[in-house]
Amino acid sequence: MVVLSKKDKNIEVSVALPASKSISNRVLVIQFLMNNQFNISNLSNCNDSTQLKAALQQIHESEQSIDINIGEAGTSYRFLTALLAVTPGNFTLSGASRLMQRPITPLVDALRQLGADIQYKNTNQQGPLLINGKQLEGGTITLNAQVSSQFITALLLVAPYFRNGLKIFMSEKVVSFSYILMTIQLMKHFGASVHFEKNMIQVIHQPYQVNFENYIVESDWTAASYWYALAALSNQCTISLQGLRKDSLQGDSLLAPLFNIYGVHSSFENNSVKLTKAKNTGVLTGFDFIDNPDLVQTFAFLNAALKAKLQVNEAGNLRLKETDRIAALKNELSKIGVTLHINSDNDFFIDGSNFSPKPNLIFETYQDHRMAMIAPIIAMQTNEIRIANEQVVSKSYPDYWNHLQQAGFTINFE
């Protein structure tokens, strides 16, 4: 457990943000498919990326059947399911118990339709998976895009190696579409032939090709959201977030214009962004988070701390993350006097008007890194909070607590 407090509301710090996990994991898959023909700089050091890198190294060095345990790395689990399906060999792919409960059937069904040999080790259509890798014919499929964009990305990343390429028709409303666009942009950067129009994406049979030796991964905009929230609650701040680009591949880069509403100004210079605080001009009262689900917790706790309201739309897939994030939010917000009203499967409403943190507050993290990283937002508005299982931040931001100390937070580990 970590005990966190902040004696004042001023922040002055320069932070080397972690590299983007989303970009790192996509580039790692492409690098593997290209037999390591290029190097990767500023690769994410989070658990998800290090576990994926280790698994790829394990596959590269083995010539026999191997067992791969990917831990709690959900993105890596989906990407490896598709990658192993096109990699010669016999594989068992498993992970943590919560990960084995998360959806995988739509991706398995799609790969089977494209010629893959994948079986479930158990009878409940959940992981572990038994995969006999081979070259796939490819073809045309329709995929429900409402569950997870990672299914589509997993297929797209390996599609240049299908004999007949791939054509995906996406049914239903696409969630996290910005991540699919990131995938397409990266694929094109590495020489793939990808065509996107309306609800259809087509990939031609044309292996990746590059004419450079090194790819530099940009820093993580989602990680920046916690610093933006702290800036919004500060009296004054100068926060420099290193490695962020204005022309980012990441959909969460919309933080810069959104936080203008809260009086946080973003100034881009020398491959970084500097945050300064002006007078609050308002709050975000409602937003469609279908393309930015990882920002829901940040804005939920920020508006709660400001005793404001927030209508959260198109966020039903939060139930399928590391934990049921809607239930987790409801539980932890109730500890600070804030109510969360569920309106439908996809929409809920937060009323922060009765924000009142209780003494000796203990925040649970539900084995979810993002639940841990939003808790310091409340520390800006109260004397002290305790955060359980704080080590979960290693999933995406291992240096988070060190960076908060540099920003003037007092942190003690119990």
# chains A, B, ... in the order shown; residues from 1 in each chain; ligands from 1
$ residues_around --residues "range 104-112 of chain A" --least-positions-apart "6" --cutoff "12 Å" --atoms "only C-alpha atoms" --output "PDB file with N, CA and C atoms, in the first residue's frame"
ATOM      1  N   GLY A  74      -3.317  -8.054 -21.945  1.00  0.00           N
ATOM      2  CA  GLY A  74      -4.455  -8.278 -22.828  1.00  0.00           C
ATOM      3  C   GLY A  74      -4.157  -7.988 -24.285  1.00  0.00           C
ATOM      4  N   THR A  75      -3.526  -6.850 -24.563  1.00  0.00           N
ATOM      5  CA  THR A  75      -3.178  -6.511 -25.939  1.00  0.00           C
ATOM      6  C   THR A  75      -2.287  -7.584 -26.543  1.00  0.00           C
ATOM      7  N   TYR A  77      -1.981 -10.666 -25.702  1.00  0.00           N
ATOM      8  CA  TYR A  77      -2.728 -11.918 -25.861  1.00  0.00           C
ATOM      9  C   TYR A  77      -3.451 -11.942 -27.206  1.00  0.00           C
ATOM     10  N   ARG A  78      -4.132 -10.846 -27.533  1.00  0.00           N
ATOM     11  CA  ARG A  78      -4.859 -10.785 -28.805  1.00  0.00           C
ATOM     12  C   ARG A  78      -3.886 -10.789 -29.984  1.00  0.00           C
ATOM     13  N   PHE A  79      -2.822  -9.978 -29.884  1.00  0.00           N
ATOM     14  CA  PHE A  79      -1.865  -9.897 -30.993  1.00  0.00           C
ATOM     15  C   PHE A  79      -1.174 -11.240 -31.227  1.00  0.00           C
ATOM     16  N   LEU A  80      -0.798 -11.926 -30.142  1.00  0.00           N
ATOM     17  CA  LEU A  80      -0.110 -13.214 -30.282  1.00  0.00           C
ATOM     18  C   LEU A  80      -1.030 -14.293 -30.839  1.00  0.00           C
ATOM     19  N   THR A  81      -2.314 -14.223 -30.530  1.00  0.00           N
ATOM     20  CA  THR A  81      -3.252 -15.205 -31.090  1.00  0.00           C
ATOM     21  C   THR A  81      -3.185 -15.194 -32.612  1.00  0.00           C
ATOM     22  N   ALA A  82      -3.188 -13.999 -33.198  1.00  0.00           N
ATOM     23  CA  ALA A  82      -3.105 -13.896 -34.653  1.00  0.00           C
ATOM     24  C   ALA A  82      -1.698 -14.189 -35.160  1.00  0.00           C
ATOM     25  N   LEU A  83      -0.690 -13.687 -34.464  1.00  0.00           N
ATOM     26  CA  LEU A  83       0.686 -13.870 -34.926  1.00  0.00           C
ATOM     27  C   LEU A  83       1.087 -15.345 -34.914  1.00  0.00           C
ATOM     28  N   LEU A  84       0.727 -16.069 -33.859  1.00  0.00           N
ATOM     29  CA  LEU A  84       1.078 -17.488 -33.783  1.00  0.00           C
ATOM     30  C   LEU A  84       0.338 -18.297 -34.832  1.00  0.00           C
ATOM     31  N   ALA A  85      -0.844 -17.826 -35.227  1.00  0.00           N
ATOM     32  CA  ALA A  85      -1.616 -18.539 -36.251  1.00  0.00           C
ATOM     33  C   ALA A  85      -0.899 -18.543 -37.598  1.00  0.00           C
ATOM     34  N   VAL A  86       0.000 -17.560 -37.834  1.00  0.00           N
ATOM     35  CA  VAL A  86       0.727 -17.502 -39.112  1.00  0.00           C
ATOM     36  C   VAL A  86       2.205 -17.852 -38.945  1.00  0.00           C
ATOM     37  N   LEU A  93      -0.992 -20.970 -25.797  1.00  0.00           N
ATOM     38  CA  LEU A  93      -0.991 -19.566 -25.379  1.00  0.00           C
ATOM     39  C   LEU A  93      -1.923 -19.404 -24.190  1.00  0.00           C
ATOM     40  N   SER A  94      -1.365 -18.967 -23.052  1.00  0.00           N
ATOM     41  CA  SER A  94      -2.159 -18.809 -21.831  1.00  0.00           C
ATOM     42  C   SER A  94      -1.799 -17.501 -21.148  1.00  0.00           C
ATOM     43  N   ILE A 118      -6.819 -23.355 -34.670  1.00  0.00           N
ATOM     44  CA  ILE A 118      -6.820 -22.931 -33.273  1.00  0.00           C
ATOM     45  C   ILE A 118      -7.888 -23.708 -32.522  1.00  0.00           C
ATOM     46  N   GLN A 119      -7.512 -24.241 -31.371  1.00  0.00           N
ATOM     47  CA  GLN A 119      -8.445 -24.968 -30.521  1.00  0.00           C
ATOM     48  C   GLN A 119      -8.396 -24.374 -29.109  1.00  0.00           C
ATOM     49  N   TYR A 120      -9.491 -24.549 -28.371  1.00  0.00           N
ATOM     50  CA  TYR A 120      -9.508 -24.174 -26.957  1.00  0.00           C
ATOM     51  C   TYR A 120      -9.035 -25.365 -26.134  1.00  0.00           C
ATOM     52  N   ASN A 124     -14.840 -24.284 -22.525  1.00  0.00           N
ATOM     53  CA  ASN A 124     -15.672 -23.103 -22.274  1.00  0.00           C
ATOM     54  C   ASN A 124     -15.424 -21.963 -23.257  1.00  0.00           C
ATOM     55  N   GLN A 125     -14.748 -22.246 -24.364  1.00  0.00           N
ATOM     56  CA  GLN A 125     -14.422 -21.230 -25.372  1.00  0.00           C
ATOM     57  C   GLN A 125     -13.697 -20.027 -24.763  1.00  0.00           C
ATOM     58  N   GLN A 126     -12.793 -20.337 -23.841  1.00  0.00           N
ATOM     59  CA  GLN A 126     -11.881 -19.344 -23.283  1.00  0.00           C
ATOM     60  C   GLN A 126     -10.476 -19.923 -23.343  1.00  0.00           C
ATOM     61  N   GLY A 127      -9.467 -19.029 -23.139  1.00  0.00           N
ATOM     62  CA  GLY A 127      -8.100 -19.513 -23.122  1.00  0.00           C
ATOM     63  C   GLY A 127      -7.880 -20.496 -21.984  1.00  0.00           C
ATOM     64  N   PRO A 128      -6.768 -21.221 -22.037  1.00  0.00           N
ATOM     65  CA  PRO A 128      -5.658 -21.178 -22.994  1.00  0.00           C
ATOM     66  C   PRO A 128      -6.053 -21.666 -24.405  1.00  0.00           C
ATOM     67  N   LEU A 129      -5.213 -21.276 -25.372  1.00  0.00           N
ATOM     68  CA  LEU A 129      -5.427 -21.640 -26.769  1.00  0.00           C
ATOM     69  C   LEU A 129      -4.335 -22.587 -27.243  1.00  0.00           C
ATOM     70  N   LEU A 130      -4.715 -23.535 -28.080  1.00  0.00           N
ATOM     71  CA  LEU A 130      -3.776 -24.439 -28.740  1.00  0.00           C
ATOM     72  C   LEU A 130      -3.720 -24.032 -30.210  1.00  0.00           C
ATOM     73  N   ILE A 131      -2.558 -23.588 -30.670  1.00  0.00           N
ATOM     74  CA  ILE A 131      -2.435 -23.001 -32.009  1.00  0.00           C
ATOM     75  C   ILE A 131      -1.393 -23.760 -32.821  1.00  0.00           C
ATOM     76  N   ASN A 132      -1.805 -24.225 -33.987  1.00  0.00           N
ATOM     77  CA  ASN A 132      -0.893 -24.845 -34.951  1.00  0.00           C
ATOM     78  C   ASN A 132      -0.651 -23.835 -36.066  1.00  0.00           C
ATOM     79  N   GLY A 133       0.491 -23.156 -36.001  1.00  0.00           N
ATOM     80  CA  GLY A 133       0.740 -22.052 -36.917  1.00  0.00           C
ATOM     81  C   GLY A 133       1.124 -22.501 -38.321  1.00  0.00           C
ATOM     82  N   LYS A 134       0.654 -21.741 -39.313  1.00  0.00           N
ATOM     83  CA  LYS A 134       0.934 -22.040 -40.724  1.00  0.00           C
ATOM     84  C   LYS A 134       0.593 -20.810 -41.551  1.00  0.00           C
ATOM     85  N   GLN A 135       0.953 -20.825 -42.824  1.00  0.00           N
ATOM     86  CA  GLN A 135       0.540 -19.713 -43.677  1.00  0.00           C
ATOM     87  C   GLN A 135      -0.959 -19.818 -43.930  1.00  0.00           C
ATOM     88  N   LEU A 136      -1.644 -18.677 -43.849  1.00  0.00           N
ATOM     89  CA  LEU A 136      -3.086 -18.648 -44.035  1.00  0.00           C
ATOM     90  C   LEU A 136      -3.460 -18.128 -45.413  1.00  0.00           C
ATOM     91  N   GLU A 137      -4.599 -18.622 -45.898  1.00  0.00           N
ATOM     92  CA  GLU A 137      -5.085 -18.188 -47.207  1.00  0.00           C
ATOM     93  C   GLU A 137      -5.609 -16.760 -47.163  1.00  0.00           C
ATOM     94  N   GLY A 138      -6.251 -16.400 -46.054  1.00  0.00           N
ATOM     95  CA  GLY A 138      -6.856 -15.075 -45.979  1.00  0.00           C
ATOM     96  C   GLY A 138      -8.219 -15.076 -46.633  1.00  0.00           C
ATOM     97  N   GLY A 139      -8.690 -13.883 -47.016  1.00  0.00           N
ATOM     98  CA  GLY A 139      -9.992 -13.775 -47.657  1.00  0.00           C
ATOM     99  C   GLY A 139     -10.806 -12.638 -47.088  1.00  0.00           C
ATOM    100  N   THR A 140     -12.113 -12.807 -47.076  1.00  0.00           N
ATOM    101  CA  THR A 140     -13.046 -11.753 -46.645  1.00  0.00           C
ATOM    102  C   THR A 140     -13.830 -12.221 -45.422  1.00  0.00           C
ATOM    103  N   ILE A 141     -13.920 -11.359 -44.411  1.00  0.00           N
ATOM    104  CA  ILE A 141     -14.677 -11.673 -43.206  1.00  0.00           C
ATOM    105  C   ILE A 141     -15.479 -10.458 -42.766  1.00  0.00           C
ATOM    106  N   THR A 142     -16.491 -10.711 -41.949  1.00  0.00           N
ATOM    107  CA  THR A 142     -17.231  -9.653 -41.265  1.00  0.00           C
ATOM    108  C   THR A 142     -17.004  -9.836 -39.776  1.00  0.00           C
ATOM    109  N   LEU A 143     -16.660  -8.749 -39.103  1.00  0.00           N
ATOM    110  CA  LEU A 143     -16.306  -8.830 -37.691  1.00  0.00           C
ATOM    111  C   LEU A 143     -17.077  -7.780 -36.907  1.00  0.00           C
ATOM    112  N   ASN A 144     -17.671  -8.200 -35.800  1.00  0.00           N
ATOM    113  CA  ASN A 144     -18.357  -7.262 -34.913  1.00  0.00           C
ATOM    114  C   ASN A 144     -17.303  -6.390 -34.233  1.00  0.00           C
ATOM    115  N   ALA A 145     -17.303  -5.110 -34.551  1.00  0.00           N
ATOM    116  CA  ALA A 145     -16.258  -4.207 -34.065  1.00  0.00           C
ATOM    117  C   ALA A 145     -16.627  -3.533 -32.757  1.00  0.00           C
ATOM    118  N   GLN A 146     -17.708  -3.996 -32.129  1.00  0.00           N
ATOM    119  CA  GLN A 146     -18.195  -3.330 -30.921  1.00  0.00           C
ATOM    120  C   GLN A 146     -17.533  -3.872 -29.651  1.00  0.00           C
ATOM    121  N   VAL A 147     -16.902  -5.056 -29.744  1.00  0.00           N
ATOM    122  CA  VAL A 147     -16.325  -5.672 -28.554  1.00  0.00           C
ATOM    123  C   VAL A 147     -14.932  -5.132 -28.265  1.00  0.00           C
ATOM    124  N   SER A 148     -14.031  -5.229 -29.250  1.00  0.00           N
ATOM    125  CA  SER A 148     -12.652  -4.778 -29.038  1.00  0.00           C
ATOM    126  C   SER A 148     -11.981  -4.471 -30.363  1.00  0.00           C
ATOM    127  N   SER A 149     -11.398  -3.291 -30.463  1.00  0.00           N
ATOM    128  CA  SER A 149     -10.638  -2.937 -31.671  1.00  0.00           C
ATOM    129  C   SER A 149      -9.388  -3.792 -31.803  1.00  0.00           C
ATOM    130  N   GLN A 150      -8.942  -4.401 -30.687  1.00  0.00           N
ATOM    131  CA  GLN A 150      -7.723  -5.207 -30.725  1.00  0.00           C
ATOM    132  C   GLN A 150      -7.892  -6.446 -31.591  1.00  0.00           C
ATOM    133  N   PHE A 151      -9.116  -6.955 -31.738  1.00  0.00           N
ATOM    134  CA  PHE A 151      -9.340  -8.082 -32.636  1.00  0.00           C
ATOM    135  C   PHE A 151      -9.007  -7.685 -34.072  1.00  0.00           C
ATOM    136  N   ILE A 152      -9.475  -6.504 -34.454  1.00  0.00           N
ATOM    137  CA  ILE A 152      -9.234  -6.023 -35.811  1.00  0.00           C
ATOM    138  C   ILE A 152      -7.757  -5.740 -36.014  1.00  0.00           C
ATOM    139  N   THR A 153      -7.133  -5.077 -35.050  1.00  0.00           N
ATOM    140  CA  THR A 153      -5.704  -4.790 -35.157  1.00  0.00           C
ATOM    141  C   THR A 153      -4.889  -6.075 -35.252  1.00  0.00           C
ATOM    142  N   ALA A 154      -5.218  -7.081 -34.439  1.00  0.00           N
ATOM    143  CA  ALA A 154      -4.484  -8.347 -34.467  1.00  0.00           C
ATOM    144  C   ALA A 154      -4.506  -8.967 -35.870  1.00  0.00           C
ATOM    145  N   LEU A 155      -5.672  -8.926 -36.506  1.00  0.00           N
ATOM    146  CA  LEU A 155      -5.798  -9.468 -37.860  1.00  0.00           C
ATOM    147  C   LEU A 155      -5.049  -8.619 -38.883  1.00  0.00           C
ATOM    148  N   LEU A 156      -5.183  -7.296 -38.755  1.00  0.00           N
ATOM    149  CA  LEU A 156      -4.532  -6.409 -39.716  1.00  0.00           C
ATOM    150  C   LEU A 156      -3.012  -6.569 -39.702  1.00  0.00           C
ATOM    151  N   VAL A 158      -1.055  -9.025 -39.188  1.00  0.00           N
ATOM    152  CA  VAL A 158      -0.507 -10.214 -39.866  1.00  0.00           C
ATOM    153  C   VAL A 158      -1.046 -10.374 -41.283  1.00  0.00           C
ATOM    154  N   ALA A 159      -2.038  -9.589 -41.661  1.00  0.00           N
ATOM    155  CA  ALA A 159      -2.703  -9.744 -42.965  1.00  0.00           C
ATOM    156  C   ALA A 159      -1.777  -9.613 -44.178  1.00  0.00           C
ATOM    157  N   PHE A 162      -1.001 -13.057 -45.533  1.00  0.00           N
ATOM    158  CA  PHE A 162      -2.016 -13.973 -46.046  1.00  0.00           C
ATOM    159  C   PHE A 162      -1.847 -14.102 -47.561  1.00  0.00           C
ATOM    160  N   LEU A 166      -6.445  -9.688 -47.115  1.00  0.00           N
ATOM    161  CA  LEU A 166      -7.570  -9.678 -46.176  1.00  0.00           C
ATOM    162  C   LEU A 166      -8.488  -8.507 -46.487  1.00  0.00           C
ATOM    163  N   LYS A 167      -9.782  -8.786 -46.408  1.00  0.00           N
ATOM    164  CA  LYS A 167     -10.788  -7.724 -46.481  1.00  0.00           C
ATOM    165  C   LYS A 167     -11.697  -7.895 -45.269  1.00  0.00           C
ATOM    166  N   ILE A 168     -11.746  -6.870 -44.401  1.00  0.00           N
ATOM    167  CA  ILE A 168     -12.579  -6.904 -43.196  1.00  0.00           C
ATOM    168  C   ILE A 168     -13.739  -5.927 -43.351  1.00  0.00           C
ATOM    169  N   PHE A 169     -14.942  -6.423 -43.174  1.00  0.00           N
ATOM    170  CA  PHE A 169     -16.117  -5.562 -43.062  1.00  0.00           C
ATOM    171  C   PHE A 169     -16.467  -5.477 -41.580  1.00  0.00           C
ATOM    172  N   MET A 170     -16.515  -4.268 -41.051  1.00  0.00           N
ATOM    173  CA  MET A 170     -16.774  -4.061 -39.630  1.00  0.00           C
ATOM    174  C   MET A 170     -18.258  -3.787 -39.412  1.00  0.00           C
ATOM    175  N   LEU A 320     -15.063  -4.845 -19.914  1.00  0.00           N
ATOM    176  CA  LEU A 320     -14.260  -5.960 -20.421  1.00  0.00           C
ATOM    177  C   LEU A 320     -12.762  -5.693 -20.301  1.00  0.00           C
TER     178      LEU A 320
END
$ select_by_dssp --residues "range 332-364 of chain A" --states "strand (DSSP E or B)" --output "list in words"
Thr339, Leu340, His341, Ile342, Phe348, Phe349, Ile350, Asp351, Leu361, Ile362 and Phe363 of chain A
$ write_last_selection --atoms "N, CA and C atoms" --output "mmCIF file, in the first residue's frame"
data_model
loop_
_atom_site.group_PDB
_atom_site.id
_atom_site.type_symbol
_atom_site.label_atom_id
_atom_site.label_comp_id
_atom_site.auth_asym_id
_atom_site.auth_seq_id
_atom_site.Cartn_x
_atom_site.Cartn_y
_atom_site.Cartn_z
ATOM 1 N N THR A 339 -21.710 9.987 -6.716
ATOM 2 C CA THR A 339 -22.591 8.934 -7.215
ATOM 3 C C THR A 339 -22.374 8.695 -8.706
ATOM 4 N N LEU A 340 -22.486 7.437 -9.101
ATOM 5 C CA LEU A 340 -22.422 7.051 -10.510
ATOM 6 C C LEU A 340 -23.735 6.363 -10.849
ATOM 7 N N HIS A 341 -24.494 6.947 -11.771
ATOM 8 C CA HIS A 341 -25.782 6.415 -12.180
ATOM 9 C C HIS A 341 -25.637 5.734 -13.538
ATOM 10 N N ILE A 342 -25.964 4.458 -13.609
ATOM 11 C CA ILE A 342 -25.892 3.730 -14.874
ATOM 12 C C ILE A 342 -27.205 3.930 -15.616
ATOM 13 N N PHE A 348 -23.301 6.247 -18.643
ATOM 14 C CA PHE A 348 -23.542 6.486 -17.220
ATOM 15 C C PHE A 348 -23.258 7.946 -16.890
ATOM 16 N N PHE A 349 -23.736 8.356 -15.714
ATOM 17 C CA PHE A 349 -23.680 9.766 -15.314
ATOM 18 C C PHE A 349 -23.036 9.868 -13.944
ATOM 19 N N ILE A 350 -22.112 10.819 -13.804
ATOM 20 C CA ILE A 350 -21.407 11.027 -12.542
ATOM 21 C C ILE A 350 -21.803 12.381 -11.962
ATOM 22 N N ASP A 351 -22.188 12.381 -10.707
ATOM 23 C CA ASP A 351 -22.576 13.614 -10.019
ATOM 24 C C ASP A 351 -21.602 13.841 -8.865
ATOM 25 N N LEU A 361 -8.884 7.394 3.961
ATOM 26 C CA LEU A 361 -9.451 6.832 2.749
ATOM 27 C C LEU A 361 -8.504 5.799 2.133
ATOM 28 N N ILE A 362 -9.026 4.623 1.802
ATOM 29 C CA ILE A 362 -8.243 3.587 1.128
ATOM 30 C C ILE A 362 -8.879 3.307 -0.225
ATOM 31 N N PHE A 363 -8.113 3.543 -1.284
ATOM 32 C CA PHE A 363 -8.578 3.252 -2.632
ATOM 33 C C PHE A 363 -8.142 1.855 -3.047
#
$ atom_distance --atom1 "CA of Ile66 in chain A" --atom2 "CA of Ala96 in chain A"
17.4 Å
$ residues_around --residues "Lys7 in chain A" --least-positions-apart "2" --cutoff "10 Å" --atoms "only C-alpha atoms" --output "PyMOL selection string"
chain A and resi 5+9-10+379-380+382-384+408-410
$ write_last_selection --atoms "N, CA and C atoms" --output "PDB file, in the first residue's frame"
ATOM      1  N   SER A   5       0.194  12.120  -0.239  1.00  0.00           N
ATOM      2  CA  SER A   5      -0.324  13.428   0.160  1.00  0.00           C
ATOM      3  C   SER A   5       0.407  14.518  -0.616  1.00  0.00           C
ATOM      4  N   LYS A   9      -0.764  23.111  -3.703  1.00  0.00           N
ATOM      5  CA  LYS A   9      -1.347  22.847  -5.018  1.00  0.00           C
ATOM      6  C   LYS A   9      -0.507  23.431  -6.146  1.00  0.00           C
ATOM      7  N   ASN A  10       0.783  23.524  -5.921  1.00  0.00           N
ATOM      8  CA  ASN A  10       1.698  23.994  -6.956  1.00  0.00           C
ATOM      9  C   ASN A  10       2.528  22.811  -7.451  1.00  0.00           C
ATOM     10  N   ALA A 379      -5.824  13.204  -4.118  1.00  0.00           N
ATOM     11  CA  ALA A 379      -4.852  13.708  -3.143  1.00  0.00           C
ATOM     12  C   ALA A 379      -4.652  15.215  -3.262  1.00  0.00           C
ATOM     13  N   MET A 380      -4.951  15.773  -4.435  1.00  0.00           N
ATOM     14  CA  MET A 380      -4.848  17.221  -4.605  1.00  0.00           C
ATOM     15  C   MET A 380      -5.950  17.956  -3.836  1.00  0.00           C
ATOM     16  N   THR A 382      -7.506  16.636  -0.854  1.00  0.00           N
ATOM     17  CA  THR A 382      -7.682  16.169   0.523  1.00  0.00           C
ATOM     18  C   THR A 382      -6.311  16.031   1.172  1.00  0.00           C
ATOM     19  N   ASN A 383      -6.279  15.687   2.423  1.00  0.00           N
ATOM     20  CA  ASN A 383      -5.011  15.635   3.150  1.00  0.00           C
ATOM     21  C   ASN A 383      -4.164  14.433   2.791  1.00  0.00           C
ATOM     22  N   GLU A 384      -4.799  13.260   2.731  1.00  0.00           N
ATOM     23  CA  GLU A 384      -4.021  12.040   2.559  1.00  0.00           C
ATOM     24  C   GLU A 384      -4.929  10.922   2.083  1.00  0.00           C
ATOM     25  N   GLY A 408       6.502  16.814  -6.044  1.00  0.00           N
ATOM     26  CA  GLY A 408       6.188  17.373  -4.746  1.00  0.00           C
ATOM     27  C   GLY A 408       5.208  16.588  -3.908  1.00  0.00           C
ATOM     28  N   PHE A 409       4.811  15.402  -4.370  1.00  0.00           N
ATOM     29  CA  PHE A 409       3.950  14.561  -3.559  1.00  0.00           C
ATOM     30  C   PHE A 409       4.797  13.836  -2.491  1.00  0.00           C
ATOM     31  N   THR A 410       4.244  13.669  -1.326  1.00  0.00           N
ATOM     32  CA  THR A 410       4.860  12.859  -0.288  1.00  0.00           C
ATOM     33  C   THR A 410       4.300  11.448  -0.397  1.00  0.00           C
TER      34      THR A 410
END
$ closest_atom_pairs --of "range 202-258 of chain A" --to "range 305-312 of chain A" --cutoff "10 Å" --atoms "only C-alpha atoms" --output "JSON lines"
{"residue": "A:Ala229", "atom": "CA", "partner": "A:Ala305", "partner_atom": "CA", "distance": 9.9}
{"residue": "A:Ala232", "atom": "CA", "partner": "A:Leu306", "partner_atom": "CA", "distance": 9.4}
{"residue": "A:Leu233", "atom": "CA", "partner": "A:Leu306", "partner_atom": "CA", "distance": 7.9}
$ write_last_selection --atoms "C-alpha atoms" --output "CSV table (one decimal), in the first residue's frame"
chain,number,residue,atom,x,y,z
A,229,ALA,CA,-5.7,16.3,-14.5
A,232,ALA,CA,-6.2,21.3,-13.8
A,233,LEU,CA,-6.4,21.0,-10.0
$ decode --residues "range 152-166 of chain A" --atoms "C-alpha atoms" --output "PDB file, in the first residue's frame"
ATOM      1  CA  ILE A 152      -9.234  -6.023 -35.811  1.00  0.00           C
ATOM      2  CA  THR A 153      -5.704  -4.790 -35.157  1.00  0.00           C
ATOM      3  CA  ALA A 154      -4.484  -8.347 -34.467  1.00  0.00           C
ATOM      4  CA  LEU A 155      -5.798  -9.468 -37.860  1.00  0.00           C
ATOM      5  CA  LEU A 156      -4.532  -6.409 -39.716  1.00  0.00           C
ATOM      6  CA  LEU A 157      -0.967  -6.713 -38.403  1.00  0.00           C
ATOM      7  CA  VAL A 158      -0.507 -10.214 -39.866  1.00  0.00           C
ATOM      8  CA  ALA A 159      -2.703  -9.744 -42.965  1.00  0.00           C
ATOM      9  CA  PRO A 160       0.173  -8.730 -45.321  1.00  0.00           C
ATOM     10  CA  TYR A 161       1.317 -12.369 -45.048  1.00  0.00           C
ATOM     11  CA  PHE A 162      -2.016 -13.973 -46.046  1.00  0.00           C
ATOM     12  CA  ARG A 163      -1.804 -15.522 -49.541  1.00  0.00           C
ATOM     13  CA  ASN A 164      -4.956 -13.723 -50.658  1.00  0.00           C
ATOM     14  CA  GLY A 165      -4.676 -10.707 -48.392  1.00  0.00           C
ATOM     15  CA  LEU A 166      -7.570  -9.678 -46.176  1.00  0.00           C
TER      16      LEU A 166
END
